[in-house]
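Student: Below is one structure. I have some questions about it.
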Amino acid sequence: MPDQLIFGIEVLLNGLMAGVLYALVALGFVLIYKASGIFNYAQGVMALFAALTLVGIMEGQVPFAHLINTIFGTEIHHFGWHVPAVLAILFTMVVMVLLSWIINRFIFKYLVNQEPIMLFMATIGIAYFLEGFGDMMWGSNIKKLDVGLPQGGSFWIEENTQWMGLGNENFYGFFLDQLDLVATVVAIILVIVLIVFAQYTKQGRAMRAVADDHQAALSVGISLNFIWVMVWSLAGFVALVAGIMWGAKSGVQFSLSLIALKALPVLMLGGFTSIPGAIVGGLIIGVGEKLFEFIMSSKSIAGELFGFTIGATENWFAYVLALLFLVFRPQGLFGEKIIERV
Amino acid sequence: MFYREAGDFSTTYEQDSQTFPIRFDRYRYYVVLLIAFAVVPFLINDYWVNAVFLPFLIYAIAAIGLNILVGYCGQVSLGTGGFMAVGAYAVYKLMTAFPDVNIFFHVIGAGIVTAGVCVLFGLPSLRIKGFYLAVATLAAQFFLVWLFNRVPWFYNYSASGQISAPERTLFGIPVTGAETAPWAAYLFCLVFTVFSALIARNLTRGMAGRKWMAIRDMDIAAEIIGVNPMKAKLTAFATSGFFVGLAGALFFAVYLGAVEVGEVFGINKSFLVLFMVIIGGLGSIFGSFAGAAFLVLLPVLLKNILVSGLGWPTDLAAHLEFIIVGAMIVIFLIAEPHGLAQLWRIAKEKLRLWPFPH
């Protein structure tokens with residue numbers, strides 16, 4: 001096989017892996033949107049906050065250490081213990097549930113029956129608040145997150161795909177990051193668990209009922225407040241998983257919440273109300289932006305076809321693709337058709 | 001007592017339909033304008049102009065622009081930063097391409113160019129609405145910033161990739177470049193701000209504004225009573241783009257002087273202007289000013305109190321600013337969705353009867 005083609009396939013595989021990570025963030029959006037009609041812009045910041053909290057608990061950081069030291073002139077930073085990863089994840093989950101409860105109790109309780117766009121803007125406010133709060137609580141420096149996930153390229157895949165070069169001696173097998181492989185497996189498990197939860201448990205059924213019709217759900221005795229807190233906690237859990245994966249890949253830092261913005265075009269593509277849509281949309285965006293970047297920045301492809309090359313297209317490709325897509329199919333690939341009643 | 005319309009009789013249609021029909025209101029605005037034009041320029045120094053007045057005036061224009069789109073026409077846009085960048089780069093290209101033309105016309109030209117670009121990205125609004133549109137405008141934000149970063153023609157092939165404003169004069173007095181006196185920059189921006197506010201105020205209470213508000217309140221009903229949604233939405237995008245373009249042009253040429261597009265006109269700028277509109281008041285020109293003043297003054301205040309007063313490190317003050325702004329957004333959306341402008345209206349109502357309410 002020619003070099004360009006092999007390289008293209010490798011780009012495609014890596015795009016699939018990146019897409020899985022986008023899909024992980026997008027899942028959280030879908031959960032909340034389906035159950036409460038709130039488009040939660042803060043999902044990305046929730047992932048950042050979860051990752052920050054996880055690192056903070058694992059390292060035994062004192063919350064608000066910077067603030068306390070400034071006000072009281074003390075010099076405290078760490079409790080001096082290290083919490084094992086599993087325990088720390090549990091603690092973080094408790095924090096996320098608490099956060100969900102606070103958000104619902106003190107914010108969305110007062111915004112019932114507001115227009116969706118108001119709710120959307122409220123979540124932007126929450127995102128800002130949480131961003132400042134997380135940084136103040138745990139410090140804003142870039143942190144390393146190590147929960148024992150494998151890092152680096154997978155030699156096994158590299159060795160076992162060498163034959164696919166078909167006599168091309170520049171080819172040494174496909175390079176895939178082990179972390180991406182783990183993320184893929186985790187994402188698949190997460191989706192299966194979520195689907196099973198939604199289909200076969202009592203709370204899952206109640207959740208679907210609320211998603212279908214708030215008033216009808218209320219009238220058969222489902223507590224909206226409980227369901228909303230539960231859904232936000234679930235979204236917090238998904239955010240935690242996404243935060244762990246992204247954090248292990250590129251460190252826990254502010255850009256995490258920007259990466260999460262990419263989940264928006266993913267949803268546009270897949271449809272706001274569909275869990276499979278989030279996955280497929282994520283894969284399409286992941287593959288699309290990597291391939292587009294590869295084609296447009298490669299001299300031998302774009303250079304010969306168009307006479308010029310452009311780089312760093314990953315910043316906007318997803319959004320423009322979603323924009324074009326919206327014009328032709330506003331509800332996305334798998335979303336419910338938008339019907340307007342007067 | 002302080003605010004009343006008693007004894008204020010309109011005898012002609014002109015009097016009845018003027019911008020400020022109540023005499024007290026009118027005189028108050030004349031006094032504010034007089035102070036802004038004749039008193040402030042003599043009192044201000046470099047610090048006040050650069051820290052407070054210039055950002056306030058320029059953000060006020062941007063907030064008016066976004067308010068027309070979000071507050072009056074109901075089309076949420078998250079691409080304000082990108083559109084401001086269009087204004088900045090348009091004025092830069094015009095300034096360098098036609099050095100003999102007056103800078104005043106360059107700024108206007110930048111506004112017109114931005115209006116065109118804004119209409120282009122407003123086209124999807126004909127099919128989608130709500131936060132779908134908000135995400136679609138994110139495309140504008142990221143695409144435009146990337147474009148100005150990557151295509152050398154826009155920054156005249158300069159080695160650093162930055163654009164910097166050359167010196168241009170108005171009546172022989174420099175208003176851009178390093179030699180600009182604080183009062184000249186202030187007055188130059190003030191003229192644009194006052195005219196933007198006047199135009200916007202009159203547009204929004206005229207036919208165009210009523211059409212926008214009809215679309216905002218219910219687009220299907222508006223269509224049935226004869227408002228052309230395409231025209232109404234696209235004129236809203238064009239008008240909004242014009243003002244945002246003006247703001248971007250002034251922000252680059254007069255305020256900053258040199259700009260690196262990703263840093264200055266990033267997504268955070270879009271949110272900042274949106275927050276000004278929400279906190280100030282959706283659908284109010286006065287609200288745009290109030291919101292801009294609030295969000296320009298807040299960091300200055302925090303910095304002066306916390307960093308200079310209490311000796312806190314700057315990063316802690318920055319985090320606190322995020323927390324306060326986020327909390328303010330949520331509090332305003334819950335307690336007073338019409339923002340500071342509504343508080344002002346309530347205060348005026350109270351003052352009419354003060355100190356003897358019924």
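We name chains A, B, ... following the order of the structure tokens; residues begin at 1 in each chain, and ligands are numbered from 1 as shown.
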Please provide as number ranges by chain all residues within 10 Å of B:Ile285, with the sequence filter that same-chain residues fewer than 2 positions apart are discarded (counting only C-alpha atoms).
Tutor: B: 60-61, 63-65, 67-68, 71, 196-198, 200-201, 204, 277, 280-283, 287-290, 341
Student: Residues of the last selection are to be written out with N, CA, C and O atoms, as a tab-separated table (two decimals), in the first residue's frame.
Tutor:
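Result file follows (out_4.tsv):
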chain	number	residue	atom	x	y	z
B	60	ALA	N	-19.95	49.27	25.37
B	60	ALA	CA	-21.34	49.71	25.30
B	60	ALA	C	-21.85	49.58	23.87
B	60	ALA	O	-22.98	49.11	23.64
B	61	ILE	N	-21.01	49.96	22.88
B	61	ILE	CA	-21.44	49.81	21.48
B	61	ILE	C	-21.67	48.34	21.16
B	61	ILE	O	-22.69	47.96	20.57
B	63	ALA	N	-22.37	45.94	23.20
B	63	ALA	CA	-23.54	45.44	23.92
B	63	ALA	C	-24.83	45.91	23.25
B	63	ALA	O	-25.80	45.16	23.17
B	64	ILE	N	-24.84	47.15	22.73
B	64	ILE	CA	-26.02	47.62	22.00
B	64	ILE	C	-26.26	46.72	20.80
B	64	ILE	O	-27.37	46.28	20.53
B	65	GLY	N	-25.16	46.42	20.07
B	65	GLY	CA	-25.28	45.56	18.90
B	65	GLY	C	-25.84	44.21	19.26
B	65	GLY	O	-26.80	43.72	18.63
B	67	ASN	N	-27.47	43.40	21.91
B	67	ASN	CA	-28.80	43.54	22.49
B	67	ASN	C	-29.86	43.59	21.40
B	67	ASN	O	-30.96	43.07	21.57
B	68	ILE	N	-29.53	44.22	20.28
B	68	ILE	CA	-30.48	44.26	19.17
B	68	ILE	C	-30.77	42.84	18.70
B	68	ILE	O	-31.91	42.46	18.47
B	71	GLY	N	-31.68	40.71	22.58
B	71	GLY	CA	-32.74	41.28	23.39
B	71	GLY	C	-33.96	41.67	22.58
B	71	GLY	O	-35.09	41.49	23.02
B	196	SER	N	-24.26	55.69	18.05
B	196	SER	CA	-24.78	54.32	18.03
B	196	SER	C	-26.02	54.22	18.90
B	196	SER	O	-27.04	53.64	18.50
B	197	ALA	N	-25.94	54.81	20.10
B	197	ALA	CA	-27.08	54.73	21.02
B	197	ALA	C	-28.29	55.42	20.42
B	197	ALA	O	-29.41	54.90	20.48
B	198	LEU	N	-28.07	56.59	19.82
B	198	LEU	CA	-29.19	57.33	19.21
B	198	LEU	C	-29.85	56.52	18.10
B	198	LEU	O	-31.07	56.37	18.06
B	200	ALA	N	-29.65	53.30	17.52
B	200	ALA	CA	-30.26	52.06	18.02
B	200	ALA	C	-31.58	52.36	18.72
B	200	ALA	O	-32.59	51.68	18.51
B	201	ARG	N	-31.57	53.40	19.54
B	201	ARG	CA	-32.79	53.78	20.27
B	201	ARG	C	-33.93	54.05	19.30
B	201	ARG	O	-35.06	53.61	19.49
B	204	THR	N	-35.10	50.86	17.36
B	204	THR	CA	-35.84	49.87	18.12
B	204	THR	C	-37.24	50.35	18.49
B	204	THR	O	-38.10	49.55	18.78
B	277	VAL	N	-25.13	42.08	28.28
B	277	VAL	CA	-26.51	42.24	27.83
B	277	VAL	C	-27.47	41.63	28.84
B	277	VAL	O	-28.52	42.21	29.16
B	280	GLY	N	-27.25	43.77	32.14
B	280	GLY	CA	-27.78	45.10	31.90
B	280	GLY	C	-29.28	45.09	31.65
B	280	GLY	O	-30.00	45.92	32.15
B	281	GLY	N	-29.72	44.14	30.88
B	281	GLY	CA	-31.15	44.06	30.60
B	281	GLY	C	-31.39	43.75	29.13
B	281	GLY	O	-30.97	44.51	28.27
B	282	LEU	N	-32.06	42.61	28.89
B	282	LEU	CA	-32.36	42.24	27.52
B	282	LEU	C	-33.42	43.19	26.97
B	282	LEU	O	-34.43	43.45	27.62
B	283	GLY	N	-33.17	43.72	25.79
B	283	GLY	CA	-34.15	44.59	25.17
B	283	GLY	C	-34.18	45.98	25.76
B	283	GLY	O	-35.24	46.55	25.96
B	287	GLY	N	-29.88	49.51	29.28
B	287	GLY	CA	-29.33	48.30	29.88
B	287	GLY	C	-27.96	47.94	29.32
B	287	GLY	O	-27.09	47.48	30.06
B	288	SER	N	-27.76	48.19	28.00
B	288	SER	CA	-26.45	47.88	27.41
B	288	SER	C	-25.37	48.71	28.08
B	288	SER	O	-24.28	48.21	28.38
B	289	PHE	N	-25.69	49.99	28.34
B	289	PHE	CA	-24.71	50.85	29.01
B	289	PHE	C	-24.48	50.38	30.44
B	289	PHE	O	-23.35	50.29	30.90
B	290	ALA	N	-25.58	50.06	31.13
B	290	ALA	CA	-25.46	49.65	32.53
B	290	ALA	C	-24.64	48.37	32.64
B	290	ALA	O	-23.75	48.26	33.48
B	341	ALA	N	-31.61	47.38	33.87
B	341	ALA	CA	-32.51	48.35	33.26
B	341	ALA	C	-33.87	48.32	33.95
B	341	ALA	O	-34.49	49.36	34.17
Student: Select residues of chain B: the criterion is any atom within 8 Å of an atom of chain A, counting only C-alpha atoms; output as a PyMOL selection string.
Tutor: chain B and resi 124+127-128+130-132+135-136+138-140+142-143+146+150+220+312-313+316+318-330+333-334
Student: Okay, now the selection with C-alpha atoms, as a tab-separated table (two decimals), in the first residue's frame?
Tutor:
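So part14.tsv came out as:
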chain	number	residue	atom	x	y	z
B	124	PRO	CA	-28.95	29.56	9.26
B	127	ARG	CA	-34.12	27.51	9.61
B	128	ILE	CA	-33.00	27.00	13.19
B	130	GLY	CA	-32.80	28.87	20.12
B	131	PHE	CA	-29.60	27.23	21.26
B	132	TYR	CA	-29.24	25.43	17.93
B	135	VAL	CA	-24.10	26.71	18.58
B	136	ALA	CA	-24.21	27.62	14.90
B	138	LEU	CA	-20.02	29.33	17.62
B	139	ALA	CA	-18.94	28.19	14.16
B	140	ALA	CA	-18.55	31.84	13.18
B	142	PHE	CA	-13.99	29.71	15.72
B	143	PHE	CA	-13.87	29.95	11.94
B	146	TRP	CA	-8.82	30.85	12.64
B	150	ARG	CA	-3.96	31.71	9.22
B	220	ILE	CA	-45.09	32.12	13.81
B	312	TRP	CA	-4.21	39.30	47.57
B	313	PRO	CA	-2.41	37.62	44.65
B	316	LEU	CA	-7.09	34.66	43.37
B	318	ALA	CA	-9.33	36.62	38.92
B	319	HIS	CA	-10.97	33.43	40.24
B	320	LEU	CA	-13.20	35.46	42.52
B	321	GLU	CA	-14.21	37.56	39.51
B	322	PHE	CA	-15.30	34.40	37.66
B	323	ILE	CA	-17.32	33.30	40.68
B	324	ILE	CA	-18.99	36.69	41.08
B	325	VAL	CA	-19.82	37.07	37.39
B	326	GLY	CA	-21.24	33.53	37.17
B	327	ALA	CA	-23.29	34.02	40.32
B	328	MET	CA	-24.55	37.41	39.11
B	329	ILE	CA	-25.75	35.86	35.84
B	330	VAL	CA	-27.71	33.17	37.66
B	333	LEU	CA	-31.84	35.36	35.51
B	334	ILE	CA	-33.77	34.15	38.56
Student: Quick one: residues within 7 Å of A:Ala26, only C-alpha atoms counted, chain neighbours fewer than 4 positions away excluded, as a ChimeraX atom specification?
Tutor: /A:22,30,263,266-267,278
Student: Could you name the residues that touch A:Arg205 at 12 Å or less, counting only C-alpha atoms, but leaving out those on the same chain fewer than 6 positions away, as a ChimeraX atom specification?
Tutor: /A:35,194-199,211-212,217,222,227
Student: Write the selection just made, keeping all heavy atoms, as a PDB file, in the first residue's frame?
Tutor:
ATOM      1  N   ALA A  35     -34.024  14.589  30.039  1.00  0.00           N
ATOM      2  CA  ALA A  35     -34.847  14.511  31.234  1.00  0.00           C
ATOM      3  C   ALA A  35     -35.422  15.854  31.642  1.00  0.00           C
ATOM      4  O   ALA A  35     -36.493  15.915  32.219  1.00  0.00           O
ATOM      5  CB  ALA A  35     -34.038  13.925  32.380  1.00  0.00           C
ATOM      6  N   LEU A 194     -25.758   2.553  30.844  1.00  0.00           N
ATOM      7  CA  LEU A 194     -26.792   3.593  30.821  1.00  0.00           C
ATOM      8  C   LEU A 194     -28.069   3.090  30.168  1.00  0.00           C
ATOM      9  O   LEU A 194     -29.177   3.338  30.653  1.00  0.00           O
ATOM     10  CB  LEU A 194     -26.279   4.826  30.064  1.00  0.00           C
ATOM     11  CG  LEU A 194     -25.380   5.768  30.851  1.00  0.00           C
ATOM     12  CD1 LEU A 194     -24.898   6.893  29.968  1.00  0.00           C
ATOM     13  CD2 LEU A 194     -26.123   6.330  32.049  1.00  0.00           C
ATOM     14  N   ILE A 195     -27.918   2.360  29.053  1.00  0.00           N
ATOM     15  CA  ILE A 195     -29.103   1.857  28.356  1.00  0.00           C
ATOM     16  C   ILE A 195     -29.835   0.844  29.226  1.00  0.00           C
ATOM     17  O   ILE A 195     -31.068   0.890  29.366  1.00  0.00           O
ATOM     18  CB  ILE A 195     -28.703   1.261  26.986  1.00  0.00           C
ATOM     19  CG1 ILE A 195     -28.287   2.409  26.049  1.00  0.00           C
ATOM     20  CG2 ILE A 195     -29.855   0.470  26.386  1.00  0.00           C
ATOM     21  CD1 ILE A 195     -27.778   1.957  24.720  1.00  0.00           C
ATOM     22  N   VAL A 196     -29.067  -0.061  29.858  1.00  0.00           N
ATOM     23  CA  VAL A 196     -29.697  -1.051  30.740  1.00  0.00           C
ATOM     24  C   VAL A 196     -30.411  -0.349  31.883  1.00  0.00           C
ATOM     25  O   VAL A 196     -31.556  -0.667  32.226  1.00  0.00           O
ATOM     26  CB  VAL A 196     -28.636  -2.038  31.281  1.00  0.00           C
ATOM     27  CG1 VAL A 196     -29.208  -2.873  32.416  1.00  0.00           C
ATOM     28  CG2 VAL A 196     -28.145  -2.932  30.166  1.00  0.00           C
ATOM     29  N   PHE A 197     -29.738   0.662  32.450  1.00  0.00           N
ATOM     30  CA  PHE A 197     -30.337   1.413  33.555  1.00  0.00           C
ATOM     31  C   PHE A 197     -31.653   2.063  33.124  1.00  0.00           C
ATOM     32  O   PHE A 197     -32.661   1.992  33.821  1.00  0.00           O
ATOM     33  CB  PHE A 197     -29.352   2.479  34.034  1.00  0.00           C
ATOM     34  CG  PHE A 197     -29.914   3.395  35.070  1.00  0.00           C
ATOM     35  CD1 PHE A 197     -30.049   2.971  36.383  1.00  0.00           C
ATOM     36  CD2 PHE A 197     -30.328   4.676  34.738  1.00  0.00           C
ATOM     37  CE1 PHE A 197     -30.579   3.811  37.343  1.00  0.00           C
ATOM     38  CE2 PHE A 197     -30.862   5.517  35.690  1.00  0.00           C
ATOM     39  CZ  PHE A 197     -30.990   5.081  36.991  1.00  0.00           C
ATOM     40  N   ALA A 198     -31.620   2.686  31.942  1.00  0.00           N
ATOM     41  CA  ALA A 198     -32.809   3.404  31.496  1.00  0.00           C
ATOM     42  C   ALA A 198     -33.955   2.448  31.154  1.00  0.00           C
ATOM     43  O   ALA A 198     -35.120   2.775  31.326  1.00  0.00           O
ATOM     44  CB  ALA A 198     -32.467   4.268  30.284  1.00  0.00           C
ATOM     45  N   GLN A 199     -33.612   1.234  30.668  1.00  0.00           N
ATOM     46  CA  GLN A 199     -34.669   0.337  30.188  1.00  0.00           C
ATOM     47  C   GLN A 199     -35.217  -0.560  31.292  1.00  0.00           C
ATOM     48  O   GLN A 199     -36.397  -0.887  31.290  1.00  0.00           O
ATOM     49  CB  GLN A 199     -34.133  -0.547  29.057  1.00  0.00           C
ATOM     50  CG  GLN A 199     -33.689   0.203  27.828  1.00  0.00           C
ATOM     51  CD  GLN A 199     -34.853   0.814  27.075  1.00  0.00           C
ATOM     52  OE1 GLN A 199     -35.982   0.368  27.176  1.00  0.00           O
ATOM     53  NE2 GLN A 199     -34.561   1.872  26.327  1.00  0.00           N
ATOM     54  N   ALA A 211     -38.693  12.352  30.852  1.00  0.00           N
ATOM     55  CA  ALA A 211     -38.201  12.851  29.569  1.00  0.00           C
ATOM     56  C   ALA A 211     -39.344  12.979  28.575  1.00  0.00           C
ATOM     57  O   ALA A 211     -39.373  13.888  27.750  1.00  0.00           O
ATOM     58  CB  ALA A 211     -37.131  11.914  29.025  1.00  0.00           C
ATOM     59  N   ASP A 212     -40.305  12.062  28.680  1.00  0.00           N
ATOM     60  CA  ASP A 212     -41.399  12.040  27.724  1.00  0.00           C
ATOM     61  C   ASP A 212     -42.377  13.185  27.976  1.00  0.00           C
ATOM     62  O   ASP A 212     -42.757  13.893  27.051  1.00  0.00           O
ATOM     63  CB  ASP A 212     -42.121  10.689  27.832  1.00  0.00           C
ATOM     64  CG  ASP A 212     -42.744  10.317  26.518  1.00  0.00           C
ATOM     65  OD1 ASP A 212     -42.114  10.608  25.490  1.00  0.00           O
ATOM     66  OD2 ASP A 212     -43.849   9.749  26.527  1.00  0.00           O
ATOM     67  N   ALA A 217     -45.796  12.565  34.030  1.00  0.00           N
ATOM     68  CA  ALA A 217     -44.952  11.884  35.013  1.00  0.00           C
ATOM     69  C   ALA A 217     -45.320  12.323  36.428  1.00  0.00           C
ATOM     70  O   ALA A 217     -45.436  11.504  37.341  1.00  0.00           O
ATOM     71  CB  ALA A 217     -43.485  12.189  34.726  1.00  0.00           C
ATOM     72  N   ILE A 222     -44.398  10.500  40.122  1.00  0.00           N
ATOM     73  CA  ILE A 222     -42.935  10.533  40.045  1.00  0.00           C
ATOM     74  C   ILE A 222     -42.461  11.894  40.549  1.00  0.00           C
ATOM     75  O   ILE A 222     -43.004  12.931  40.159  1.00  0.00           O
ATOM     76  CB  ILE A 222     -42.467  10.322  38.594  1.00  0.00           C
ATOM     77  CG1 ILE A 222     -42.870   8.922  38.129  1.00  0.00           C
ATOM     78  CG2 ILE A 222     -40.976  10.507  38.475  1.00  0.00           C
ATOM     79  CD1 ILE A 222     -42.719   8.715  36.649  1.00  0.00           C
ATOM     80  N   ILE A 227     -35.831  12.969  40.282  1.00  0.00           N
ATOM     81  CA  ILE A 227     -35.338  12.534  38.970  1.00  0.00           C
ATOM     82  C   ILE A 227     -34.290  13.512  38.445  1.00  0.00           C
ATOM     83  O   ILE A 227     -33.251  13.107  37.913  1.00  0.00           O
ATOM     84  CB  ILE A 227     -36.501  12.419  37.967  1.00  0.00           C
ATOM     85  CG1 ILE A 227     -37.460  11.316  38.403  1.00  0.00           C
ATOM     86  CG2 ILE A 227     -35.980  12.134  36.565  1.00  0.00           C
ATOM     87  CD1 ILE A 227     -36.873   9.938  38.400  1.00  0.00           C
TER      88      ILE A 227
END
Student: Among stretch 60-291 of chain B, which ones does DSSP place in strand (DSSP E), written as a list of chain:residue names?
Tutor: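 Strand (DSSP E) members of stretch 60-291 of chain B, listed: B:Ile163, B:Ser164, B:Thr169, B:Leu170, B:Ile173, B:Pro174, B:Ala258, B:Val259.
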Student: I need the residues from that last selection saved to file as an mmCIF file, in the first residue's frame (with C-alpha atoms), if you can.
Tutor:
data_model
loop_
_atom_site.group_PDB
_atom_site.id
_atom_site.type_symbol
_atom_site.label_atom_id
_atom_site.label_comp_id
_atom_site.auth_asym_id
_atom_site.auth_seq_id
_atom_site.Cartn_x
_atom_site.Cartn_y
_atom_site.Cartn_z
ATOM 1 C CA ILE B 163 -1.892 43.747 13.432
ATOM 2 C CA SER B 164 -0.981 47.156 14.793
ATOM 3 C CA THR B 169 -5.323 61.938 12.587
ATOM 4 C CA LEU B 170 -8.670 63.686 12.772
ATOM 5 C CA ILE B 173 -5.010 65.478 16.121
ATOM 6 C CA PRO B 174 -3.831 61.849 16.287
ATOM 7 C CA ALA B 258 -2.034 46.121 18.470
ATOM 8 C CA VAL B 259 -3.980 42.878 18.456
#
Student: Calculated over only C-alpha atoms, which of the candidates A:Tyr200, A:Phe294, A:Trp138, A:Tyr33 has the smallest distance to A:Gln61?
Tutor: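 Under the stated criterion, the closest residue is A:Trp138.
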Student: Please identify all polymer residues within 9 Å of B:Pro41, counting only C-alpha atoms, omitting same-chain residues fewer than 6 positions from it, and present them as an mmCIF file with all heavy atoms, in the first residue's frame.
Tutor:
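Printed below is part03.cif as written:
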data_model
loop_
_atom_site.group_PDB
_atom_site.id
_atom_site.type_symbol
_atom_site.label_atom_id
_atom_site.label_comp_id
_atom_site.auth_asym_id
_atom_site.auth_seq_id
_atom_site.Cartn_x
_atom_site.Cartn_y
_atom_site.Cartn_z
ATOM 1 N N ILE B 35 -21.755 66.825 30.379
ATOM 2 C CA ILE B 35 -20.642 66.417 31.238
ATOM 3 C C ILE B 35 -19.679 65.527 30.460
ATOM 4 O O ILE B 35 -18.460 65.702 30.505
ATOM 5 C CB ILE B 35 -21.175 65.694 32.490
ATOM 6 C CG1 ILE B 35 -21.927 66.674 33.373
ATOM 7 C CG2 ILE B 35 -20.027 65.052 33.275
ATOM 8 C CD1 ILE B 35 -22.602 66.031 34.548
ATOM 9 N N PRO B 182 -4.970 61.024 25.724
ATOM 10 C CA PRO B 182 -6.120 60.316 26.301
ATOM 11 C C PRO B 182 -7.455 60.959 25.939
ATOM 12 O O PRO B 182 -8.402 60.253 25.589
ATOM 13 C CB PRO B 182 -5.858 60.407 27.806
ATOM 14 C CG PRO B 182 -4.417 60.656 27.954
ATOM 15 C CD PRO B 182 -3.956 61.341 26.721
ATOM 16 N N TRP B 183 -7.518 62.280 25.985
ATOM 17 C CA TRP B 183 -8.817 62.920 25.738
ATOM 18 C C TRP B 183 -9.253 62.757 24.295
ATOM 19 O O TRP B 183 -10.450 62.653 24.008
ATOM 20 C CB TRP B 183 -8.769 64.398 26.122
ATOM 21 C CG TRP B 183 -7.789 65.220 25.323
ATOM 22 C CD1 TRP B 183 -6.492 65.459 25.622
ATOM 23 C CD2 TRP B 183 -8.042 65.870 24.077
ATOM 24 N NE1 TRP B 183 -5.907 66.208 24.648
ATOM 25 C CE2 TRP B 183 -6.841 66.496 23.682
ATOM 26 C CE3 TRP B 183 -9.150 65.998 23.251
ATOM 27 C CZ2 TRP B 183 -6.723 67.214 22.500
ATOM 28 C CZ3 TRP B 183 -9.040 66.724 22.080
ATOM 29 C CH2 TRP B 183 -7.834 67.322 21.707
ATOM 30 N N ALA B 184 -8.282 62.709 23.353
ATOM 31 C CA ALA B 184 -8.648 62.566 21.943
ATOM 32 C C ALA B 184 -9.270 61.194 21.699
ATOM 33 O O ALA B 184 -10.319 61.074 21.056
ATOM 34 C CB ALA B 184 -7.411 62.757 21.068
ATOM 35 N N TYR B 186 -10.684 59.332 23.901
ATOM 36 C CA TYR B 186 -11.965 59.298 24.604
ATOM 37 C C TYR B 186 -13.056 59.959 23.783
ATOM 38 O O TYR B 186 -14.134 59.397 23.576
ATOM 39 C CB TYR B 186 -11.799 59.987 25.963
ATOM 40 C CG TYR B 186 -13.081 60.340 26.640
ATOM 41 C CD1 TYR B 186 -13.821 59.365 27.314
ATOM 42 C CD2 TYR B 186 -13.577 61.642 26.612
ATOM 43 C CE1 TYR B 186 -15.009 59.690 27.926
ATOM 44 C CE2 TYR B 186 -14.762 61.970 27.226
ATOM 45 C CZ TYR B 186 -15.479 61.001 27.879
ATOM 46 O OH TYR B 186 -16.659 61.312 28.480
ATOM 47 N N LEU B 187 -12.776 61.157 23.264
ATOM 48 C CA LEU B 187 -13.800 61.886 22.512
ATOM 49 C C LEU B 187 -14.172 61.151 21.231
ATOM 50 O O LEU B 187 -15.343 61.070 20.855
ATOM 51 C CB LEU B 187 -13.309 63.296 22.182
ATOM 52 C CG LEU B 187 -13.513 64.336 23.283
ATOM 53 C CD1 LEU B 187 -13.044 65.701 22.812
ATOM 54 C CD2 LEU B 187 -14.977 64.402 23.695
#
Student: Show me, as a JSON list (two decimals) with C-alpha atoms, in the first residue's frame, the residues that have an atom within 9 Å of A:Lys143 when counting only C-alpha atoms, minus same-chain residues fewer than 6 positions from it.
Tutor:
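The resulting out29.json:
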[["chain", "number", "residue", "atom", "x", "y", "z"],
["A", 52, "LEU", "CA", -9.78, 18.70, 39.64],
["A", 55, "VAL", "CA", -6.74, 14.96, 41.74],
["A", 247, "GLY", "CA", -7.11, 14.37, 32.28],
["A", 251, "GLY", "CA", -3.33, 16.79, 32.17],
["A", 252, "VAL", "CA", -6.06, 18.47, 34.16],
["A", 253, "GLN", "CA", -6.21, 22.06, 32.95]]
Student: Excluding stretch 73-84 of chain B and any residue of its chain fewer than 6 positions from it, enumerate the residues within 8 Å of it, using only C-alpha atoms, and give them as a VMD selection string.
Tutor: chain B and resid 66 114 117 to 118 125 129 to 131 133 to 135 137 to 142 144 to 145 212 to 217 233 236 241 244 to 249 265 to 271 273 to 274
Student: Taking the backbone alone, and naming residues the way the document does, which bits of stretch 21-143 of chain B are helix (DSSP H, G or I) by DSSP, as a PyMOL selection string?
Tutor: chain B and resi 23-43+46-72+80-97+103-126+131-143
Student: Select, from A:Ser36, A:Phe29, A:Phe292, A:Val97, the residue with the minimum atom-to-atom distance to A:Gln215, counting only C-alpha atoms.
Tutor: A:Ser36
